[in-house]
file target.cif (mmCIF, C-alpha atoms)
data_data
#
loop_
_atom_site.group_PDB
_atom_site.id
_atom_site.type_symbol
_atom_site.label_atom_id
_atom_site.label_comp_id
_atom_site.auth_asym_id
_atom_site.auth_seq_id
_atom_site.Cartn_x
_atom_site.Cartn_y
_atom_site.Cartn_z
ATOM 1 C CA MET M 224 -59.247 -60.577 117.298
ATOM 2 C CA ARG M 225 -60.469 -63.640 115.420
ATOM 3 C CA LEU M 226 -63.803 -65.386 115.983
ATOM 4 C CA ALA M 227 -62.164 -67.478 118.691
ATOM 5 C CA PHE M 228 -63.589 -65.262 121.433
ATOM 6 C CA LEU M 229 -67.186 -66.371 120.775
ATOM 7 C CA PRO M 230 -66.398 -70.055 121.382
ATOM 8 C CA VAL M 231 -64.295 -69.088 124.384
ATOM 9 C CA ALA M 232 -67.247 -67.291 125.958
ATOM 10 C CA LEU M 233 -69.341 -70.404 125.370
ATOM 11 C CA GLY M 234 -66.578 -72.550 126.824
ATOM 12 C CA LEU M 235 -66.535 -70.447 129.957
ATOM 13 C CA ALA M 236 -70.255 -70.952 130.335
ATOM 14 C CA LEU M 237 -69.659 -74.700 130.123
ATOM 15 C CA PHE M 238 -66.915 -74.392 132.738
ATOM 16 C CA GLY M 239 -69.456 -72.889 135.114
ATOM 17 C CA PHE M 240 -68.277 -69.288 134.700
ATOM 18 C CA THR M 241 -70.932 -67.044 136.204
ATOM 19 C CA ALA M 242 -71.015 -63.466 137.399
ATOM 20 C CA ALA M 243 -71.602 -64.705 140.934
ATOM 21 C CA GLY M 244 -68.738 -67.204 140.840
ATOM 22 C CA ALA M 245 -65.957 -65.161 139.258
ATOM 23 C CA GLN M 246 -64.291 -61.872 140.026
ATOM 24 C CA ASP M 247 -63.585 -60.858 136.439
ATOM 25 C CA ARG M 248 -64.246 -61.614 132.799
ATOM 26 C CA PRO M 249 -61.756 -63.382 130.544
ATOM 27 C CA LYS M 250 -58.934 -61.151 129.392
ATOM 28 C CA LEU M 251 -57.083 -61.754 126.170
ATOM 29 C CA ILE M 252 -53.378 -62.130 126.914
ATOM 30 C CA ALA M 253 -52.420 -62.242 123.232
ATOM 31 C CA GLU M 254 -53.073 -63.866 119.862
ATOM 32 C CA PHE M 255 -50.502 -66.343 118.580
ATOM 33 C CA LYS M 256 -51.162 -67.242 114.931
ATOM 34 C CA ASN M 257 -54.074 -69.734 115.213
ATOM 35 C CA TRP M 258 -54.302 -69.753 119.025
ATOM 36 C CA ASP M 259 -55.491 -67.157 121.552
ATOM 37 C CA ALA M 260 -54.436 -67.052 125.216
ATOM 38 C CA PHE M 261 -56.758 -65.863 127.999
ATOM 39 C CA THR M 262 -56.860 -65.529 131.753
ATOM 40 C CA TYR M 263 -59.572 -64.860 134.304
ATOM 41 C CA ARG M 264 -60.384 -65.511 137.944
ATOM 42 C CA GLU M 265 -62.882 -68.150 139.010
ATOM 43 C CA ASP M 266 -63.956 -67.948 142.641
ATOM 44 C CA GLY M 267 -60.943 -65.702 143.184
ATOM 45 C CA LYS M 268 -58.502 -68.236 141.742
ATOM 46 C CA PRO M 269 -56.572 -67.871 138.479
ATOM 47 C CA VAL M 270 -57.596 -69.803 135.387
ATOM 48 C CA CYS M 271 -55.650 -69.601 132.135
ATOM 49 C CA PHE M 272 -56.571 -71.176 128.824
ATOM 50 C CA ILE M 273 -55.830 -71.188 125.130
ATOM 51 C CA SER M 274 -58.355 -71.625 122.373
ATOM 52 C CA SER M 275 -58.473 -72.372 118.673
ATOM 53 C CA SER M 276 -61.157 -73.000 116.070
ATOM 54 C CA PRO M 277 -60.789 -75.378 113.121
ATOM 55 C CA LEU M 278 -59.497 -74.092 109.810
ATOM 56 C CA ASN M 279 -61.707 -76.622 108.003
ATOM 57 C CA SER M 280 -64.583 -78.882 108.976
ATOM 58 C CA SER M 281 -66.201 -81.678 107.033
ATOM 59 C CA PRO M 282 -68.743 -82.465 105.941
ATOM 60 C CA ARG M 283 -69.548 -78.832 105.177
ATOM 61 C CA ASN M 284 -73.304 -79.293 104.786
ATOM 62 C CA VAL M 285 -73.889 -80.288 108.449
ATOM 63 C CA ARG M 286 -75.386 -77.669 110.721
ATOM 64 C CA ARG M 287 -73.343 -77.381 113.914
ATOM 65 C CA GLY M 288 -72.834 -74.980 116.749
ATOM 66 C CA ASP M 289 -69.449 -73.508 117.644
ATOM 67 C CA VAL M 290 -66.513 -75.881 117.232
ATOM 68 C CA TYR M 291 -63.294 -75.282 119.168
ATOM 69 C CA ILE M 292 -60.640 -76.745 121.446
ATOM 70 C CA LEU M 293 -59.381 -75.437 124.787
ATOM 71 C CA VAL M 294 -56.314 -76.234 126.863
ATOM 72 C CA THR M 295 -56.824 -75.039 130.438
ATOM 73 C CA HIS M 296 -54.746 -74.491 133.580
ATOM 74 C CA ARG M 297 -56.376 -74.279 137.019
ATOM 75 C CA PRO M 298 -53.237 -74.184 139.169
ATOM 76 C CA ASP M 299 -55.034 -73.940 142.514
ATOM 77 C CA SER M 300 -56.717 -77.292 141.850
ATOM 78 C CA LYS M 301 -53.488 -78.684 140.304
ATOM 79 C CA THR M 302 -55.184 -79.059 136.915
ATOM 80 C CA LEU M 303 -52.719 -78.327 134.109
ATOM 81 C CA ASP M 304 -53.021 -78.785 130.354
ATOM 82 C CA GLU M 305 -56.598 -80.086 130.479
ATOM 83 C CA VAL M 306 -57.734 -80.575 126.882
ATOM 84 C CA SER M 307 -61.410 -80.205 126.033
ATOM 85 C CA VAL M 308 -62.941 -80.422 122.561
ATOM 86 C CA TYR M 309 -66.310 -78.799 121.806
ATOM 87 C CA THR M 310 -67.822 -80.220 118.662
ATOM 88 C CA GLY M 311 -70.974 -78.169 118.084
ATOM 89 C CA TYR M 312 -73.267 -81.214 118.205
ATOM 90 C CA PRO M 313 -74.057 -83.997 120.694
ATOM 91 C CA TYR M 314 -71.744 -86.956 120.231
ATOM 92 C CA GLU M 315 -73.141 -90.420 119.662
ATOM 93 C CA ASP M 316 -73.800 -92.085 123.030
ATOM 94 C CA ALA M 317 -70.884 -94.142 124.383
ATOM 95 C CA SER M 318 -68.677 -93.038 121.499
ATOM 96 C CA THR M 319 -65.111 -91.824 121.430
ATOM 97 C CA ALA M 320 -63.449 -89.012 119.528
ATOM 98 C CA THR M 321 -59.982 -89.269 118.065
ATOM 99 C CA ILE M 322 -57.331 -86.605 117.734
ATOM 100 C CA ASP M 323 -54.737 -87.228 115.029
ATOM 101 C CA ILE M 324 -51.589 -85.120 115.326
ATOM 102 C CA ASP M 325 -49.234 -85.675 112.426
ATOM 103 C CA GLY M 326 -50.224 -89.371 112.267
ATOM 104 C CA ARG M 327 -50.262 -90.053 116.016
ATOM 105 C CA ASN M 328 -53.726 -90.859 117.442
ATOM 106 C CA PHE M 329 -55.219 -90.022 120.833
ATOM 107 C CA GLU M 330 -58.583 -91.324 121.996
ATOM 108 C CA LEU M 331 -60.972 -89.166 124.034
ATOM 109 C CA PHE M 332 -64.188 -89.994 125.838
ATOM 110 C CA THR M 333 -67.302 -88.005 124.968
ATOM 111 C CA ASN M 334 -70.257 -86.591 126.850
ATOM 112 C CA ALA M 335 -72.928 -84.439 125.211
ATOM 113 C CA ASP M 336 -71.003 -82.068 122.883
ATOM 114 C CA THR M 337 -67.602 -82.329 124.588
ATOM 115 C CA ALA M 338 -64.647 -84.739 124.504
ATOM 116 C CA TRP M 339 -61.781 -85.096 127.013
ATOM 117 C CA SER M 340 -58.717 -87.232 127.590
ATOM 118 C CA TYR M 341 -59.188 -90.146 129.967
ATOM 119 C CA ASP M 342 -56.762 -88.789 132.574
ATOM 120 C CA ALA M 343 -54.092 -86.180 133.322
ATOM 121 C CA ASP M 344 -51.301 -88.362 131.895
ATOM 122 C CA ALA M 345 -53.163 -88.655 128.583
ATOM 123 C CA ASP M 346 -53.586 -84.858 128.576
ATOM 124 C CA LYS M 347 -49.831 -84.441 129.088
ATOM 125 C CA ASP M 348 -49.068 -86.795 126.181
ATOM 126 C CA LEU M 349 -51.580 -85.004 123.973
ATOM 127 C CA VAL M 350 -50.204 -81.555 124.792
ATOM 128 C CA ARG M 351 -46.621 -82.753 124.178
ATOM 129 C CA ALA M 352 -47.715 -83.908 120.733
ATOM 130 C CA MET M 353 -49.456 -80.566 120.141
ATOM 131 C CA VAL M 354 -46.236 -78.713 121.028
ATOM 132 C CA ARG M 355 -44.242 -80.826 118.551
ATOM 133 C CA GLY M 356 -46.901 -81.104 115.846
ATOM 134 C CA SER M 357 -48.062 -78.920 113.006
ATOM 135 C CA LYS M 358 -51.491 -80.283 112.054
ATOM 136 C CA MET M 359 -54.284 -81.737 114.141
ATOM 137 C CA ARG M 360 -57.496 -83.431 113.023
ATOM 138 C CA ILE M 361 -60.344 -84.328 115.351
ATOM 139 C CA HIS M 362 -62.720 -87.115 114.313
ATOM 140 C CA GLY M 363 -66.109 -87.623 115.943
ATOM 141 C CA THR M 364 -69.553 -89.072 115.332
ATOM 142 C CA SER M 365 -72.797 -87.256 116.083
ATOM 143 C CA GLN M 366 -75.916 -88.771 117.628
ATOM 144 C CA ARG M 367 -77.326 -88.877 114.083
ATOM 145 C CA GLY M 368 -74.365 -90.972 112.924
ATOM 146 C CA THR M 369 -72.639 -88.208 110.971
ATOM 147 C CA GLU M 370 -68.861 -88.568 111.004
ATOM 148 C CA THR M 371 -67.056 -85.238 111.199
ATOM 149 C CA VAL M 372 -63.445 -84.165 110.846
ATOM 150 C CA ASP M 373 -62.217 -80.799 112.128
ATOM 151 C CA SER M 374 -58.757 -79.701 110.980
ATOM 152 C CA TYR M 375 -56.691 -77.355 113.145
ATOM 153 C CA SER M 376 -53.331 -75.708 112.723
ATOM 154 C CA LEU M 377 -50.942 -75.968 115.645
ATOM 155 C CA LEU M 378 -49.079 -72.815 114.564
ATOM 156 C CA GLY M 379 -48.925 -70.587 117.618
ATOM 157 C CA PHE M 380 -49.846 -73.352 120.072
ATOM 158 C CA THR M 381 -46.513 -73.394 121.906
ATOM 159 C CA ALA M 382 -46.310 -69.591 122.196
ATOM 160 C CA ALA M 383 -49.907 -69.427 123.463
ATOM 161 C CA ARG M 384 -49.241 -72.198 125.976
ATOM 162 C CA ASN M 385 -46.077 -70.431 127.154
ATOM 163 C CA ALA M 386 -48.175 -67.282 127.668
ATOM 164 C CA ILE M 387 -50.689 -69.067 129.917
ATOM 165 C CA ASN M 388 -47.868 -70.844 131.752
ATOM 166 C CA LYS M 389 -46.455 -67.417 132.572
ATOM 167 C CA ALA M 390 -49.846 -65.898 133.423
ATOM 168 C CA CYS M 391 -50.724 -68.775 135.783
ATOM 169 C CA LYS M 392 -47.149 -69.065 137.079
ATOM 170 C CA ILE M 393 -46.568 -72.594 135.803
ATOM 171 C CA ARG M 394 -42.932 -73.660 135.498
#
call {"tool": "encode", "arguments": {"input": "target.cif", "output": "structure tokens"}}
result
Amino acid sequence: MRLAFLPVALGLALFGFTAAGAQDRPKLIAEFKNWDAFTYREDGKPVCFISSSPLNSSPRNVRRGDVYILVTHRPDSKTLDEVSVYTGYPYEDASTATIDIDGRNFELFTNADTAWSYDADADKDLVRAMVRGSKMRIHGTSQRGTETVDSYSLLGFTAARNAINKACKIR
């Protein structure tokens, strides 16, 4: 398994995953090129997600925590394809992050070290582009004013998403 599990464990902590609140730990469904698919139960309800880490980040000389992206299904709360970006540093206050997929841009709002789409429709559009795309770059600005770019491969994204759709019984 690649290093993706470490960020995933951190992501679960940010989701509120605790021993008291969940019945099990995340289980790897499978690895799909640059994406890993997982499932677990949160308060007895299924949660499925995929994760990837950037292939390249710039600038290289900036010290950051774990950097990764998750796409999550929580079918019992009707949350599907929720995209969350963890940047490894606190974003500049009131800033936005931008995801560029093969030349198409998506704007996300930021809070602390995380960025999200503005609503479920924006998530759907973003995920559709991820399914069709091959390369993804995420641009953000830290509280210190450092502009970063994280480059991801979308190879394996669709297969990983299909795996969590099946695991969480999404049609």
call {"tool": "resolve_selection", "arguments": {"input": "target.cif", "expression": "the PyMOL selection byres ((chain M and resi 334-344) around 10)", "output": "PyMOL selection string"}}
result
chain M and resi 237+288+290-292+302-322+329-333+345-350+363+365-366
call {"tool": "residues_around", "arguments": {"input": "target.cif", "residues": "region 384-389 of chain M", "least_positions_apart": "6", "cutoff": "10 Å", "atoms": "only C-alpha atoms", "output": "PDB file with C-alpha atoms, keeping the file's coordinate frame"}}
result
ATOM      1  CA  ILE M 252     -53.378 -62.130 126.914  1.00  0.00           C
ATOM      2  CA  ALA M 253     -52.420 -62.242 123.232  1.00  0.00           C
ATOM      3  CA  GLU M 254     -53.073 -63.866 119.862  1.00  0.00           C
ATOM      4  CA  PHE M 255     -50.502 -66.343 118.580  1.00  0.00           C
ATOM      5  CA  TRP M 258     -54.302 -69.753 119.025  1.00  0.00           C
ATOM      6  CA  ASP M 259     -55.491 -67.157 121.552  1.00  0.00           C
ATOM      7  CA  ALA M 260     -54.436 -67.052 125.216  1.00  0.00           C
ATOM      8  CA  PHE M 261     -56.758 -65.863 127.999  1.00  0.00           C
ATOM      9  CA  THR M 262     -56.860 -65.529 131.753  1.00  0.00           C
ATOM     10  CA  VAL M 270     -57.596 -69.803 135.387  1.00  0.00           C
ATOM     11  CA  CYS M 271     -55.650 -69.601 132.135  1.00  0.00           C
ATOM     12  CA  PHE M 272     -56.571 -71.176 128.824  1.00  0.00           C
ATOM     13  CA  ILE M 273     -55.830 -71.188 125.130  1.00  0.00           C
ATOM     14  CA  SER M 274     -58.355 -71.625 122.373  1.00  0.00           C
ATOM     15  CA  VAL M 294     -56.314 -76.234 126.863  1.00  0.00           C
ATOM     16  CA  THR M 295     -56.824 -75.039 130.438  1.00  0.00           C
ATOM     17  CA  HIS M 296     -54.746 -74.491 133.580  1.00  0.00           C
ATOM     18  CA  PRO M 298     -53.237 -74.184 139.169  1.00  0.00           C
ATOM     19  CA  LEU M 303     -52.719 -78.327 134.109  1.00  0.00           C
ATOM     20  CA  ASP M 304     -53.021 -78.785 130.354  1.00  0.00           C
ATOM     21  CA  VAL M 350     -50.204 -81.555 124.792  1.00  0.00           C
ATOM     22  CA  VAL M 354     -46.236 -78.713 121.028  1.00  0.00           C
TER      23      VAL M 354
END
call {"tool": "resolve_selection", "arguments": {"input": "target.cif", "expression": "the PyMOL selection byres ((chain M and resi 279) around 10)", "output": "VMD selection string"}}
result
chain M and resid 276 to 278 280 to 283 360 372 to 376
call {"tool": "closest_residue", "arguments": {"input": "target.cif", "among": "M:Ala390, M:Leu251, M:Leu377, M:Met359", "to": "Gly326 (chain M)", "atoms": "all atoms listed in the file"}}
result
M:Met359
call {"tool": "atom_distance", "arguments": {"input": "target.cif", "atom1": "CA of Ile361 (chain M)", "atom2": "CA of Lys301 (chain M)"}}
result
26.5 Å
call {"tool": "atom_distance", "arguments": {"input": "target.cif", "atom1": "CA of Arg394 (chain M)", "atom2": "CA of Lys358 (chain M)"}}
result
25.8 Å
call {"tool": "atom_distance", "arguments": {"input": "target.cif", "atom1": "CA of Leu293 (chain M)", "atom2": "CA of Asn257 (chain M)"}}
result
12.3 Å
call {"tool": "closest_residue", "arguments": {"input": "target.cif", "among": "M:Ser275, M:Arg355, M:Asp289, M:Arg264", "to": "Thr381 (chain M)", "atoms": "only C-alpha atoms"}}
result
M:Arg355
call {"tool": "closest_residue", "arguments": {"input": "target.cif", "among": "M:Ser357, M:Asp325, M:Asp299, M:Cys391", "to": "Leu378 (chain M)", "atoms": "only C-alpha atoms"}}
result
M:Ser357
